[in-house]
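Shown next: data26.cif, containing mmCIF, C-alpha atoms.
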data_entry
#
loop_
_atom_site.label_atom_id
_atom_site.label_comp_id
_atom_site.auth_asym_id
_atom_site.auth_seq_id
_atom_site.Cartn_x
_atom_site.Cartn_y
_atom_site.Cartn_z
CA VAL V 1 -33.98 257.83 107.78
CA SER V 2 -35.18 261.43 107.98
CA GLU V 3 -33.99 263.89 110.62
CA ALA V 4 -37.31 263.55 112.46
CA GLY V 5 -37.02 259.78 112.20
CA ALA V 6 -33.56 259.82 113.77
CA GLU V 7 -34.81 262.07 116.56
CA ILE V 8 -37.78 259.78 117.22
CA GLU V 9 -35.41 256.81 117.30
CA ARG V 10 -33.28 258.59 119.95
CA LEU V 11 -36.40 259.46 121.92
CA TYR V 12 -37.54 255.84 121.66
CA ARG V 13 -34.25 254.67 123.18
CA SER V 14 -34.35 257.20 126.03
CA HIS V 15 -38.10 257.27 126.79
CA GLY V 16 -39.49 254.02 125.35
CA SER V 17 -39.22 252.17 128.67
CA LEU V 18 -41.71 254.47 130.39
CA VAL V 19 -44.25 253.84 127.63
CA LEU V 20 -43.68 250.09 127.85
CA ARG V 21 -43.94 250.08 131.66
CA ARG V 22 -47.22 251.99 131.73
CA ALA V 23 -48.68 249.96 128.84
CA ARG V 24 -47.83 246.74 130.72
CA THR V 25 -49.68 248.04 133.77
CA LEU V 26 -52.66 249.29 131.80
CA LEU V 27 -53.05 246.34 129.45
CA GLY V 28 -51.71 243.46 131.55
CA SER V 29 -50.33 241.71 128.47
CA GLU V 30 -46.77 241.78 127.16
CA PRO V 31 -47.66 241.46 123.43
CA ASP V 32 -50.27 244.22 123.77
CA ALA V 33 -47.81 246.43 125.66
CA GLN V 34 -45.18 245.92 122.93
CA GLU V 35 -47.79 246.88 120.34
CA ALA V 36 -48.66 250.00 122.32
CA LEU V 37 -44.96 250.93 122.48
CA GLN V 38 -44.66 250.74 118.69
CA GLU V 39 -47.92 252.56 118.09
CA VAL V 40 -47.16 255.48 120.39
CA PHE V 41 -43.86 256.17 118.64
CA ALA V 42 -45.38 255.52 115.21
CA SER V 43 -47.89 258.29 115.96
CA LEU V 44 -44.93 260.63 116.53
CA LEU V 45 -43.58 259.71 113.13
CA ARG V 46 -46.93 260.66 111.62
CA ALA V 47 -46.90 264.01 113.43
CA PRO V 48 -43.23 264.92 113.95
CA GLU V 49 -44.12 268.55 114.73
CA THR V 50 -45.09 267.25 118.19
CA LEU V 51 -41.37 267.02 118.95
CA ARG V 52 -41.10 270.80 118.73
CA SER V 53 -44.47 271.90 120.03
CA THR V 54 -44.85 269.86 123.20
CA ARG V 55 -43.85 271.40 126.53
CA SER V 56 -43.06 268.08 128.19
CA MET V 57 -42.18 265.00 126.15
CA VAL V 58 -42.76 262.78 129.17
CA GLY V 59 -46.21 264.33 129.64
CA TRP V 60 -47.02 263.82 125.96
CA LEU V 61 -45.95 260.17 126.11
CA TYR V 62 -48.10 259.66 129.23
CA GLU V 63 -51.10 261.13 127.44
CA SER V 64 -50.55 259.20 124.22
CA THR V 65 -49.99 255.87 126.02
CA THR V 66 -53.07 256.39 128.19
CA HIS V 67 -55.20 257.23 125.18
CA PHE V 68 -54.00 254.21 123.17
CA CYS V 69 -54.36 251.77 126.07
CA LEU V 70 -57.83 252.94 127.08
CA ASN V 71 -58.97 252.41 123.50
CA GLN V 72 -57.49 248.92 123.57
CA LEU V 73 -59.30 248.14 126.81
CA ARG V 74 -62.60 249.25 125.28
CA ASN V 75 -61.96 247.12 122.18
CA ARG V 76 -61.15 244.16 124.39
CA ARG V 77 -64.37 244.60 126.31
CA THR V 78 -66.30 244.35 123.06
CA SER V 79 -64.35 241.26 122.04
CA ALA V 80 -64.70 239.68 125.46
CA ARG V 81 -68.48 239.79 125.28
CA LEU V 82 -68.25 237.24 122.48
CA ILE V 83 -66.76 234.53 124.56
CA GLU V 84 -67.27 235.26 128.23
CA GLN V 85 -70.56 233.44 128.48
CA ARG V 86 -69.53 230.02 127.30
CA ILE V 87 -65.77 229.71 127.51
CA ALA V 88 -64.37 227.34 130.09
CA PRO V 89 -62.86 229.41 132.91
CA ALA V 90 -59.07 229.59 132.90
CA ALA V 91 -57.16 228.25 135.86
CA PRO V 92 -56.68 231.03 138.42
CA LEU V 93 -53.17 232.46 138.59
CA ASN V 94 -51.29 232.99 141.80
CA ALA V 95 -52.10 236.65 141.55
CA GLY V 96 -51.26 238.99 144.39
CA GLN V 97 -53.47 241.83 145.53
CA ASP V 98 -51.93 244.20 142.96
CA ALA V 99 -52.64 241.88 140.03
CA ARG V 100 -56.23 241.35 141.15
CA ALA V 101 -56.75 245.04 141.77
CA LEU V 102 -55.27 245.88 138.37
CA ALA V 103 -57.57 243.43 136.62
CA GLU V 104 -60.47 245.07 138.46
CA VAL V 105 -59.29 248.53 137.41
CA ARG V 106 -58.87 247.50 133.75
CA SER V 107 -62.40 246.17 133.65
CA LEU V 108 -63.68 249.41 135.13
CA LEU V 109 -61.59 251.62 132.81
CA ALA V 110 -63.10 249.96 129.76
CA GLN V 111 -66.55 251.13 130.84
CA LEU V 112 -65.82 254.72 131.86
CA PRO V 113 -65.94 257.81 129.63
CA ALA V 114 -62.46 258.64 128.27
CA GLU V 115 -61.72 261.67 130.46
CA VAL V 116 -62.96 260.00 133.65
CA ALA V 117 -60.87 256.91 132.86
CA ALA V 118 -57.78 259.03 132.18
CA ALA V 119 -58.19 260.88 135.49
CA LEU V 120 -58.47 257.55 137.29
CA VAL V 121 -55.34 256.19 135.58
CA TYR V 122 -53.23 259.25 136.39
CA THR V 123 -54.41 259.36 139.99
CA HIS V 124 -54.36 255.71 140.98
CA LEU V 125 -51.95 254.02 138.59
CA ASP V 126 -49.41 256.82 138.29
CA GLY V 127 -49.87 258.34 141.75
CA MET V 128 -50.28 261.89 140.43
CA THR V 129 -51.55 264.73 142.59
CA HIS V 130 -54.70 266.58 141.50
CA ALA V 131 -52.48 269.43 140.28
CA GLU V 132 -50.43 267.06 138.11
CA VAL V 133 -53.56 265.41 136.71
CA ALA V 134 -55.01 268.85 135.95
CA ARG V 135 -51.86 269.82 134.01
CA GLN V 136 -51.88 266.50 132.20
CA LEU V 137 -55.54 266.82 131.18
CA GLY V 138 -55.39 270.57 130.59
CA CYS V 139 -58.21 271.31 133.04
CA SER V 140 -58.69 272.77 136.53
CA LYS V 141 -58.08 270.91 139.80
CA ARG V 142 -61.80 271.29 140.50
CA GLN V 143 -62.57 269.49 137.23
CA VAL V 144 -60.21 266.68 138.28
CA GLY V 145 -62.12 266.35 141.55
CA TYR V 146 -65.37 266.19 139.60
CA LEU V 147 -64.00 263.49 137.25
CA LEU V 148 -62.81 261.39 140.18
CA GLU V 149 -66.21 261.77 141.86
CA ARG V 150 -67.81 260.44 138.70
CA ALA V 151 -65.37 257.52 138.74
CA GLN V 152 -66.24 256.84 142.37
CA GLU V 153 -69.96 256.86 141.56
CA SER V 154 -69.36 254.32 138.79
CA ILE V 155 -67.38 252.11 141.16
CA LEU V 156 -70.18 252.22 143.74
CA ALA V 157 -72.81 251.49 141.11
CA GLU V 158 -70.73 248.55 139.89
CA GLU V 159 -70.37 247.18 143.42
CA GLN V 160 -74.10 247.51 144.08
CA SER V 161 -75.06 245.76 140.87
CA ALA V 162 -72.58 242.91 141.53
CA MET Z 1 -61.62 249.86 144.19
CA ASN Z 2 -61.08 251.01 147.75
CA ALA Z 3 -58.43 253.45 148.98
CA ALA Z 4 -56.08 250.72 150.22
CA ILE Z 5 -56.06 248.98 146.85
CA ALA Z 6 -55.67 252.29 145.02
CA LYS Z 7 -52.62 253.13 147.15
CA SER Z 8 -51.05 249.74 146.49
CA LEU Z 9 -51.24 250.40 142.74
CA TRP Z 10 -48.77 253.26 143.03
CA PRO Z 11 -46.72 252.60 146.14
CA ALA Z 12 -44.59 255.77 146.20
CA CYS Z 13 -45.54 259.23 147.43
CA ARG Z 14 -44.02 260.98 144.38
CA SER Z 15 -45.85 260.31 141.12
CA GLY Z 16 -44.61 258.24 138.22
CA LEU Z 17 -44.67 261.38 136.08
CA GLU Z 18 -42.32 263.19 138.45
CA LEU Z 19 -39.94 260.21 138.71
CA ASP Z 20 -39.96 259.68 134.93
CA ARG Z 21 -39.26 263.35 134.27
CA PHE Z 22 -36.30 263.09 136.65
CA LEU Z 23 -34.99 259.87 135.08
CA THR Z 24 -35.18 261.21 131.53
CA GLY Z 25 -33.48 264.50 132.48
CA GLU Z 26 -36.57 266.60 131.86
CA SER Z 27 -36.79 268.01 135.41
CA GLY Z 28 -35.10 271.30 136.14
CA GLU Z 29 -32.12 271.51 138.49
CA SER Z 30 -34.01 272.67 141.55
CA GLU Z 31 -36.85 270.22 140.91
CA SER Z 32 -34.34 267.36 140.67
CA ALA Z 33 -32.52 268.43 143.82
CA GLN Z 34 -35.80 268.66 145.71
CA LEU Z 35 -36.85 265.20 144.54
CA LEU Z 36 -33.49 263.64 145.44
CA ALA Z 37 -33.64 265.17 148.91
CA HIS Z 38 -37.03 263.56 149.41
CA VAL Z 39 -36.04 260.21 147.93
CA GLU Z 40 -33.06 259.94 150.30
CA GLN Z 41 -35.45 259.95 153.25
CA CYS Z 42 -38.30 257.96 151.74
CA VAL Z 43 -38.12 254.18 151.54
CA SER Z 44 -41.08 253.77 149.16
CA CYS Z 45 -39.83 256.40 146.69
CA THR Z 46 -36.31 254.92 146.79
CA ALA Z 47 -37.73 251.50 145.97
CA GLN Z 48 -39.96 252.87 143.22
CA LEU Z 49 -37.14 254.84 141.63
CA ALA Z 50 -34.99 251.67 141.61
CA ALA Z 51 -37.86 249.73 140.01
CA LEU Z 52 -38.22 252.38 137.29
CA ARG Z 53 -34.47 252.34 136.68
CA ALA Z 54 -34.59 248.57 136.27
CA VAL Z 55 -37.26 248.88 133.55
CA GLN Z 56 -35.26 251.69 131.95
CA ALA Z 57 -32.26 249.34 131.71
CA GLU Z 58 -34.26 246.75 129.73
CA SER Z 59 -33.35 246.59 126.07
CA LEU Z 60 -36.17 247.57 123.73
CA PRO Z 61 -37.05 245.85 120.46
CA PRO Z 62 -36.22 247.77 117.26
CA LEU Z 63 -38.59 250.60 116.45
CA ARG Z 64 -40.69 248.99 113.74
CA LEU Z 65 -41.58 251.88 111.50
CA LEU Z 66 -38.08 253.28 111.15
CA GLY Z 67 -36.69 250.29 109.30
CA ALA Z 68 -36.35 249.78 105.57
CA PRO Z 69 -39.56 250.37 103.64
CA PRO Z 70 -41.61 247.21 103.35
CA ALA Z 71 -41.83 245.28 100.12
CA PRO Z 72 -45.16 245.96 98.46
CA ILE Z 73 -47.76 243.26 98.73
CA ALA Z 74 -49.12 242.22 95.39
CA PRO Z 75 -52.91 242.26 95.10
CA GLY Z 76 -54.32 239.10 96.61
CA GLU Z 77 -51.15 238.24 98.55
CA GLN Z 78 -51.14 237.75 102.34
CA ALA Z 79 -48.66 237.27 105.10
CA GLU Z 80 -48.04 233.54 105.38
CA ALA Z 81 -49.70 233.40 108.76
CA GLY Z 82 -52.97 234.23 107.08
CA ARG Z 83 -52.59 232.21 103.94
CA ILE Z 84 -55.44 230.18 102.65
CA ASP Z 85 -54.84 227.05 100.66
CA SER Z 86 -57.23 225.03 98.63
CA ALA Z 87 -54.69 222.65 97.14
CA PRO Z 88 -52.82 219.83 98.92
CA LEU Z 89 -50.01 221.07 101.14
CA PRO Z 90 -46.90 219.08 100.26
CA LEU Z 91 -43.96 218.88 102.63
CA GLN Z 92 -41.52 221.72 101.95
CA ARG Z 93 -37.86 221.38 101.15
CA VAL Z 94 -35.58 223.28 103.57
CA SER Z 95 -34.45 225.73 100.88
CA ASP Z 96 -38.10 226.48 100.07
CA LYS Z 97 -38.78 227.14 103.70
CA ARG Z 98 -35.88 229.60 103.95
CA GLU Z 99 -37.09 231.48 100.92
CA ARG Z 100 -40.63 231.53 102.25
CA ARG Z 101 -39.43 232.76 105.64
CA GLY Z 102 -37.72 235.70 103.95
CA ARG Z 103 -40.86 236.53 102.00
CA TRP Z 104 -42.92 236.14 105.14
CA ALA Z 105 -40.73 238.59 107.03
CA ARG Z 106 -41.15 241.22 104.31
CA ARG Z 107 -44.86 240.68 103.98
CA ALA Z 108 -45.44 240.49 107.72
CA PHE Z 109 -43.62 243.81 108.13
CA ALA Z 110 -45.85 245.42 105.55
CA ALA Z 111 -48.95 243.76 106.89
CA ALA Z 112 -48.15 244.86 110.42
CA ALA Z 113 -47.67 248.46 109.38
CA PHE Z 114 -51.08 248.52 107.77
CA ALA Z 115 -52.90 246.31 110.23
CA ALA Z 116 -51.66 247.86 113.45
CA ALA Z 117 -53.36 251.17 112.85
CA ALA Z 118 -56.56 249.68 111.53
CA SER Z 119 -57.33 246.76 113.77
CA MET Z 120 -55.88 244.12 116.02
CA PHE Z 121 -58.06 241.51 114.37
CA LEU Z 122 -56.34 238.83 112.39
CA VAL Z 123 -58.34 238.55 109.24
CA LEU Z 124 -57.52 235.65 107.03
CA ARG Z 125 -59.05 236.46 103.70
CA ALA Z 126 -59.10 234.27 100.68
CA ASP Z 127 -56.66 234.87 97.91
CA GLN Z 128 -58.42 236.93 95.26
CA ARG Z 129 -57.07 234.62 92.58
CA ALA Z 130 -59.65 232.07 93.65
CA SER Z 131 -59.60 228.61 92.27
CA SER Z 132 -62.65 226.61 91.36
CA GLU Z 133 -62.31 224.58 94.56
CA ARG Z 134 -63.12 227.52 96.78
CA LEU Z 135 -66.48 228.26 98.32
CA LYS Z 136 -68.18 230.54 95.90
CA GLY Z 137 -68.12 234.15 97.02
CA SER Z 138 -66.72 233.34 100.46
CA GLY Z 139 -63.87 234.97 102.32
CA PRO Z 140 -63.61 232.92 105.49
CA SER Z 141 -61.64 234.19 108.45
CA LEU Z 142 -60.52 232.62 111.69
CA GLN Z 143 -59.74 234.40 114.95
CA MET Z 144 -58.67 233.08 118.29
CA TYR Z 145 -59.39 234.60 121.71
CA VAL Z 146 -57.36 233.78 124.79
CA GLN Z 147 -58.50 234.07 128.37
CA HIS Z 148 -55.60 234.45 130.78
CA GLY Z 149 -55.94 235.33 134.45
CA GLY Z 150 -59.53 236.50 134.05
CA GLU Z 151 -58.78 238.74 131.06
CA VAL Z 152 -59.72 238.03 127.47
CA ARG Z 153 -57.65 239.16 124.51
CA LEU Z 154 -57.67 238.63 120.77
CA ALA Z 155 -54.70 236.50 119.74
CA ALA Z 156 -52.35 237.36 116.90
CA PRO Z 157 -50.33 234.86 114.84
CA GLY Z 158 -47.52 233.45 116.95
CA GLU Z 159 -49.24 234.64 120.15
CA VAL Z 160 -47.55 233.49 123.33
CA VAL Z 161 -50.00 231.68 125.61
CA ALA Z 162 -49.66 229.67 128.80
CA PRO Z 163 -50.78 226.22 129.93
CA GLY Z 164 -54.13 226.65 131.67
CA ASP Z 165 -55.20 229.51 129.38
CA ALA Z 166 -58.60 229.04 127.78
CA ILE Z 167 -58.94 229.60 124.05
CA ARG Z 168 -61.91 229.96 121.78
CA PHE Z 169 -62.25 230.44 118.06
CA THR Z 170 -64.53 232.68 116.04
CA VAL Z 171 -65.04 232.58 112.28
CA GLY Z 172 -66.17 235.08 109.69
CA LEU Z 173 -68.19 233.69 106.79
CA LYS Z 174 -70.05 235.38 103.96
CA ALA Z 175 -72.08 232.21 103.41
CA PRO Z 176 -72.83 229.21 105.65
CA ALA Z 177 -70.05 226.60 105.54
CA TYR Z 178 -68.98 223.38 107.20
CA VAL Z 179 -66.19 224.29 109.63
CA ALA Z 180 -63.59 222.39 111.63
CA VAL Z 181 -60.54 223.54 113.60
CA LEU Z 182 -57.65 221.09 113.83
CA SER Z 183 -54.32 221.43 115.56
CA LEU Z 184 -50.87 219.89 115.58
CA ASP Z 185 -49.26 220.20 119.01
CA PRO Z 186 -45.51 220.58 119.71
CA ALA Z 187 -45.23 216.81 120.21
CA GLY Z 188 -46.62 216.19 116.71
CA ARG Z 189 -50.05 215.02 117.92
CA ALA Z 190 -52.99 216.12 115.80
CA SER Z 191 -56.36 216.79 117.36
CA VAL Z 192 -59.70 218.35 116.51
CA TYR Z 193 -60.59 221.46 118.52
CA PHE Z 194 -63.95 221.89 116.86
CA PRO Z 195 -66.41 220.25 116.54
CA ILE Z 196 -66.59 217.26 118.88
CA ALA Z 197 -68.13 215.21 116.11
CA GLU Z 198 -67.13 212.91 113.27
CA ARG Z 199 -67.76 215.52 110.61
CA ALA Z 200 -67.27 219.26 110.13
CA ALA Z 201 -70.16 221.26 111.59
CA GLN Z 202 -72.28 223.74 109.71
CA VAL Z 203 -71.76 227.31 110.84
CA PRO Z 204 -74.03 230.18 109.79
CA ALA Z 205 -72.76 233.24 107.93
CA GLY Z 206 -71.63 236.19 110.05
CA THR Z 207 -68.73 238.53 110.57
CA GLU Z 208 -67.64 236.96 113.86
CA VAL Z 209 -69.44 233.77 114.78
CA ALA Z 210 -68.18 232.24 118.03
CA LEU Z 211 -67.67 228.49 117.74
CA PRO Z 212 -69.50 226.91 120.67
CA LEU Z 213 -66.59 225.23 122.45
CA GLY Z 214 -63.79 226.73 124.50
CA THR Z 215 -60.65 224.71 125.22
CA MET Z 216 -58.34 224.77 128.22
CA LEU Z 217 -54.72 224.43 127.08
CA ASP Z 218 -52.70 221.54 128.50
CA ALA Z 219 -49.13 221.62 129.79
CA THR Z 220 -47.34 220.67 126.53
CA VAL Z 221 -45.13 223.64 125.70
CA GLY Z 222 -43.89 224.74 122.27
CA GLU Z 223 -45.40 225.89 119.00
CA GLU Z 224 -48.89 224.62 118.19
CA ARG Z 225 -50.15 224.92 114.62
CA VAL Z 226 -53.83 225.54 114.02
CA PHE Z 227 -55.77 224.77 110.84
CA GLY Z 228 -59.18 226.24 110.13
CA LEU Z 229 -61.08 224.14 107.60
CA PHE Z 230 -63.96 225.69 105.63
CA CYS Z 231 -65.84 223.25 103.42
CA SER Z 232 -68.87 223.09 101.18
CA SER Z 233 -69.88 219.69 102.65
CA ALA Z 234 -69.66 217.90 106.01
CA VAL Z 235 -66.26 216.26 105.51
CA GLU Z 236 -65.13 213.42 107.75
CA LEU Z 237 -62.55 214.61 110.25
CA GLU Z 238 -60.71 211.50 111.46
CA PRO Z 239 -58.98 210.84 108.10
CA LEU Z 240 -57.92 214.49 108.02
CA ARG Z 241 -56.64 214.37 111.60
CA ALA Z 242 -54.66 211.20 110.86
CA ARG Z 243 -53.20 212.73 107.70
CA LEU Z 244 -52.26 215.91 109.56
CA GLN Z 245 -50.37 213.83 112.13
CA GLY Z 246 -48.62 211.87 109.41
CA GLU Z 247 -47.71 213.54 106.18
CA GLY Z 248 -49.47 216.89 106.57
CA LEU Z 249 -52.92 218.21 105.85
CA SER Z 250 -54.30 217.87 102.33
CA PRO Z 251 -57.58 219.73 102.12
CA PRO Z 252 -60.32 217.70 100.48
CA GLU Z 253 -62.01 219.05 97.38
CA GLY Z 254 -64.33 221.93 98.14
CA CYS Z 255 -62.40 222.99 101.24
CA GLN Z 256 -60.19 225.92 102.11
CA VAL Z 257 -57.64 225.86 104.90
CA THR Z 258 -56.35 228.76 106.97
CA ARG Z 259 -53.17 228.19 108.92
CA TRP Z 260 -51.51 229.92 111.83
CA SER Z 261 -49.88 229.10 115.13
CA PHE Z 262 -49.44 230.03 118.76
CA VAL Z 263 -46.62 229.37 121.17
CA LYS Z 264 -47.28 227.85 124.56
CA ARG Z 265 -44.73 228.49 127.32
#

Rewrite the structure of this file - the entire thing - as structure tokens.
Amino acid sequence: VSEAGAEIERLYRSHGSLVLRRARTLLGSEPDAQEALQEVFASLLRAPETLRSTRSMVGWLYESTTHFCLNQLRNRRTSARLIEQRIAPAAPLNAGQDARALAEVRSLLAQLPAEVAAALVYTHLDGMTHAEVARQLGCSKRQVGYLLERAQESILAEEQSA
Amino acid sequence: MNAAIAKSLWPACRSGLELDRFLTGESGESESAQLLAHVEQCVSCTAQLAALRAVQAESLPPLRLLGAPPAPIAPGEQAEAGRIDSAPLPLQRVSDKRERRGRWARRAFAAAAFAAAASMFLVLRADQRASSERLKGSGPSLQMYVQHGGEVRLAAPGEVVAPGDAIRFTVGLKAPAYVAVLSLDPAGRASVYFPIAERAAQVPAGTEVALPLGTMLDATVGEERVFGLFCSSAVELEPLRARLQGEGLSPPEGCQVTRWSFVKR
């Protein structure tokens, strides 16, 4: 195992749980979250210079996990179109408000532009302030406000069309 | 998504990013001290920090790509989960099974490394060393989708599903073929998922053709094995189902079989 590999392995042990936790929330599926965990750290192995160049490893892992999971949600949306119309509905789970709200959020995230979706994730799923979201996205607080407004407009449009 | 729901999704007043930076030792001294002072007086942040610590204490699976390099896959070889057979499938001796499991592990590792980056789709392609019994020019594939709690996902081999989940199959065919999907449940009962008919149904060519029936999974837990049958004629299904339940599936002439499984619990 190379030096970078050993360092990534250590990072995986110390930081992997935060990737897994966020992927579980974003994807709502344990196998998919496990896959996201492996993929996020595999991407570090492909670009080990990230270990030196990033200012905040936690911030980088947040960004990478969000990016991977949003892509997965979009892929799922495409796949879901294939079967939604004719599949027998599954028995409803005893889902609490959080589970229902998360399912609603995932469906919405799959339809939003990447930056808008990321702003929504950081704000509502991670509880970040506008300043934290701005640092995470590398933009101004004003831009964050604009992205969240766009998200809000999409939510309203969705509600009206439903 | 209204404000009340949004708040319930992150129930603490300090963000996950701030708490994670603290837990991983990335926060500076003054930042950490400030956070701790707040957490001591805040019930929701105390609870959230404890929840994050609990996840942090979970043991993680091995990091996949840092292991030994995978054994190369010879041209035309597949992970066993995606193997296609056109010859009868005799019962295996235990020693054979052990050997095959070892080969499967090596191939699955290699397959996963390649497949994960490219696609989550399970593609079951025909062995390139085609025999005369195969459908000419075809490379049939079988995928399964699972609907759980209102969400739909593509299943992978060995996927864990739950009673009450709905499943549906799609196939990929370069040429029209007669298709059937059979299963052997954990109790050893064989059944036909598709079609509800005496014979295999003709399915048009396409990269991902959804078979027209979805199935709600019953309460029998354990590993269920699924067999996708791709034939050049409308074969009778009851003899195949009975054989599957007895000695194992022997594909009739002109048919290919894809095999994989899911685990219900």

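Across V:Leu51, V:Leu18, V:Ala117, V:Val40, the tightest approach to chain Z is made by V:Leu18 when counting all atoms listed in the file.
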
(Q) Ranking V:Arg76, V:Arg135, V:His67, V:Lys141 by minimum distance to Ala118 (chain V) and counting only C-alpha atoms, which one comes first? (A) V:His67

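Here the question is which of Z:Ala50, Z:Val55, Z:Val192, Z:Leu211 gets nearest to Gln143 (chain Z) using all atoms listed in the file, and that residue is Z:Leu211.
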
What do you get, as a CSV table (one decimal) with C-alpha atoms, in the coordinates of the input, if you spell out every residue that the PyMOL selection byres ((chain Z) within 6 of (chain V)) selects here?
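Writing the result to selection.csv gives the following:
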chain,number,residue,atom,x,y,z
Z,6,ALA,CA,-55.7,252.3,145.0
Z,9,LEU,CA,-51.2,250.4,142.7
Z,10,TRP,CA,-48.8,253.3,143.0
Z,15,SER,CA,-45.8,260.3,141.1
Z,16,GLY,CA,-44.6,258.2,138.2
Z,56,GLN,CA,-35.3,251.7,132.0
Z,149,GLY,CA,-55.9,235.3,134.4
Z,152,VAL,CA,-59.7,238.0,127.5
Z,164,GLY,CA,-54.1,226.6,131.7
Z,165,ASP,CA,-55.2,229.5,129.4
Z,166,ALA,CA,-58.6,229.0,127.8
Z,214,GLY,CA,-63.8,226.7,124.5

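Across the structure, CA of Glu58 (chain Z) and CA of Val19 (chain V) are spaced 12.4 Å apart.
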
Q: Please provide the set of residues having any atom within 7 Å of Val179 (chain Z), restricted to all atoms listed in the file, with same-chain residues fewer than 6 positions apart removed, written as a PyMOL selection string.
A: chain Z and resi 200-203+229-231

Residues from the last selection, C-alpha atoms, saved as a PDB file, keeping the file's coordinate frame:
ATOM      1  CA  ALA Z 200     -67.270 219.260 110.130  1.00  0.00           C
ATOM      2  CA  ALA Z 201     -70.160 221.260 111.590  1.00  0.00           C
ATOM      3  CA  GLN Z 202     -72.280 223.740 109.710  1.00  0.00           C
ATOM      4  CA  VAL Z 203     -71.760 227.310 110.840  1.00  0.00           C
ATOM      5  CA  LEU Z 229     -61.080 224.140 107.600  1.00  0.00           C
ATOM      6  CA  PHE Z 230     -63.960 225.690 105.630  1.00  0.00           C
ATOM      7  CA  CYS Z 231     -65.840 223.250 103.420  1.00  0.00           C
TER       8      CYS Z 231
END

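Closest approach to Gln111 (chain V) from the set V:Cys139, V:Leu147, V:Arg10, V:Arg74 is made by V:Arg74, with distances taken over only C-alpha atoms.
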
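Our summary of the geometry notes that CA of Pro61 (chain Z) is positioned 20.8 Å from CA of Glu3 (chain V).
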
If the box runs along x, y and z of the file and leaves 6 Å on each side of region 128-142 of chain V, what are its centre and edge lengths in Å, one decimal, as AutoDock Vina command-line options?
--center_x -56.0 --center_y 267.3 --center_z 136.6 --size_x 23.5 --size_y 22.9 --size_z 24.0

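Residue nearest Leu26 (chain V) within the list V:Glu153, V:Leu70, V:Trp60, V:Arg52: V:Leu70 [criterion: smallest interatomic distance, all atoms listed in the file].
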
Q.
Report, in Å with one decimal, the straight-line distance from CA of Tyr145 (chain Z) to CA of Pro251 (chain Z).
A. 24.7 Å

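Taking only C-alpha atoms, the non-local environment of Gln143 (chain V) within 12 Å (same-chain residues fewer than 2 positions away omitted) comprises V:Glu115, V:Val116, V:Ala119, V:His130, V:Ala131, V:Val133, V:Ala134, V:Arg135, V:Leu137, V:Gly138, V:Cys139, V:Ser140, V:Lys141, V:Gly145, V:Tyr146, V:Leu147, V:Leu148, V:Glu149, V:Arg150.
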
(Q) Starting from the PyMOL selection byres ((chain Z and resi 264) around 9), expand the selection into actual residues of this file and give them as a list in words. (A) Glu159, Val160, Val161, Ala162, Pro163, Pro186, Leu217, Ala219, Thr220, Val221, Gly222, Glu223, Glu224, Phe262, Val263 and Arg265 of chain Z

**Q.** Shell around region 30-44 of chain Z at 8 Å using all atoms listed in the file, local window under 4 positions removed, as a list in words
**A.** Pro11, Ala12, Cys13, Phe22 and Gln48 of chain Z
